[in-house]
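Engineer: Here you go, one structure.
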Amino acid sequence: MTDMVPKSVLPPVADGLAPVADGSAPAAGTSRAAAKAARREQLLSVAKNLYAQHGFHGVRLDDLGKGAGISAPAVYRHFDSKEAVLEELLVGISQYLNSGGDAIITRHDNDSSTSALIELIDFHVAFAMSEPELIRIQDRDLAALPETSRRTVRRLQRSYVSQWSEVVARANPGWSLDAATVRVHAVFGMINSTPYQARRSSAEVVGVELRAAARAALGIA
């Protein structure tokens with residue numbers, strides 16, 4: 001599982017050998033691998049939209065294949081089951097957030113905690129506004145994950161919250177770590193839910209207001 005937000009639908013890969021930068025043709029194995037990777041990302045994108053719209057239990061493997069323009073048996077070349085697709089989506093986004101938060105904190109290791117916190121807020125707002133479907137799927141269908149994967153998601157979520165809480169506590173010396181953690185949970189709830197509630201507002205307005213509200217809640221207004 002890669003630690004990336006699942007990509008949007010990729011352009012179809014044509015049959016045969018596509019030219020590479022120097023005009024030569026790549027090896028057939030390379031072309032097949034690229035086509036398979038593109039199809040896998042397409043299936044993830046289709047699943048993300050269908051799971052968000054209909055719920056995990058309301059989607060069949062046939063639906064994923066139809067959405068990607070392939071047969072249901074062909075889906076098995078990429079995923080063993082629709083549960084495996086759900087694992088890829090939810091474990092993947094948890095890995096993305098956790099590793100992204102860690103990278104931001106490391107990058108600001110010699111800076112003030114405030115600068116790290118500002119970038120963390122920007123990072124999470126960008127995630128929430130670009131991936132509302134994943135937030136909806138996690139809220140509704142986390143229980144459908146196999147137990148091992150569910151524990152992995154919870155562990156990664158706790159780690160992500162801890163990263164934020166420690167930065168918030170350092171940026172606000174008068175706050176305990178427990179108080180900082182409560183604030184972080186409140187900010188996540190606000191950021192994750194607002195894109196659903198403010199659909200009539202422009203993305204620019206939502207982003208500006210979310211960042212301002214999060215900064216105020218975390219003591220850096």
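By convention in this document, the chains of the structure tokens carry letters A, B, ... by their order, each chain's residues are numbered from 1, and ligands are numbered from 1 in the order they are shown.
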Give me the residues within 12 Å of Gly101 of chain A as an MDAnalysis selection string, counting only C-alpha atoms and dropping any in the same chain fewer than 6 places off.

Structural biologist: chainID A and resid 94:95 107:108 116:124 127 156:157 159:167

Engineer: DSSP says helix (DSSP H, G or I) for which residues of segment 1-189 of chain A? Put them as number ranges by chain?

Structural biologist: A: 28-54, 56-58, 61-68, 72-75, 82-107, 113-130, 132-144, 147-171, 177-189

Engineer: Considering only C-alpha atoms, can you say which of A:Trp175, A:Ser193, A:Leu86, A:Val205 comes closest to Arg150 of chain A?

Structural biologist: A:Leu86

Engineer: Any idea what's packed within 12 Å of Ala126 of chain A, counting only C-alpha atoms, ignoring anything in its chain fewer than 5 positions away? Could you give it as a VMD selection string?

Structural biologist: chain A and resid 5 97 100 119 to 121 131 to 132 191 to 192 195 203 to 204 206 to 208 210 to 211

Engineer: Measuring atom to atom with only C-alpha atoms, identify which of A:Asn98, A:Val153, A:Ser115, A:Pro73 is nearest to Gln138 of chain A.

Structural biologist: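 Looking at the shortest contact to Gln138 of chain A, the residue is A:Val153.
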
Engineer: Residues of segment 138-165 of chain A within 10 Å of segment 42-60 of chain A: nearest atom pair and distance (Å, one decimal) for each, counting only C-alpha atoms, sorted by chain and number, as a tab-separated table?

Structural biologist:
```
residue	atom	partner	partner_atom	distance
A:Gln138	CA	A:Ala52	CA	9.1
A:Asp139	CA	A:Ala52	CA	10.0
A:Arg140	CA	A:Gly55	CA	7.4
A:Asp141	CA	A:Phe56	CA	6.3
A:Leu142	CA	A:Phe56	CA	9.5
A:Ala144	CA	A:Phe56	CA	7.7
A:Leu145	CA	A:Phe56	CA	10.0
```

Engineer: Restricting the calculation to only C-alpha atoms: of A:Lys36, A:Arg183, A:Arg170, A:Arg158, which residue gets closest to Thr114 of chain A?

Structural biologist: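 Of all the options, A:Arg170 lies closest to Thr114 of chain A.
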
Engineer: Just give me the gap between atom CA of Glu88 of chain A and atom CA of Arg155 of chain A in Å, one decimal is fine.

Structural biologist: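 So the two atoms, atom CA of Glu88 of chain A and atom CA of Arg155 of chain A, lie 15.8 Å apart.
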
Engineer: Could you tell me how far atom CA of Ile93 of chain A sits from atom CA of Arg154 of chain A, in Å to one decimal place?

Structural biologist: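 Distance between the two atoms: 11.9 Å.
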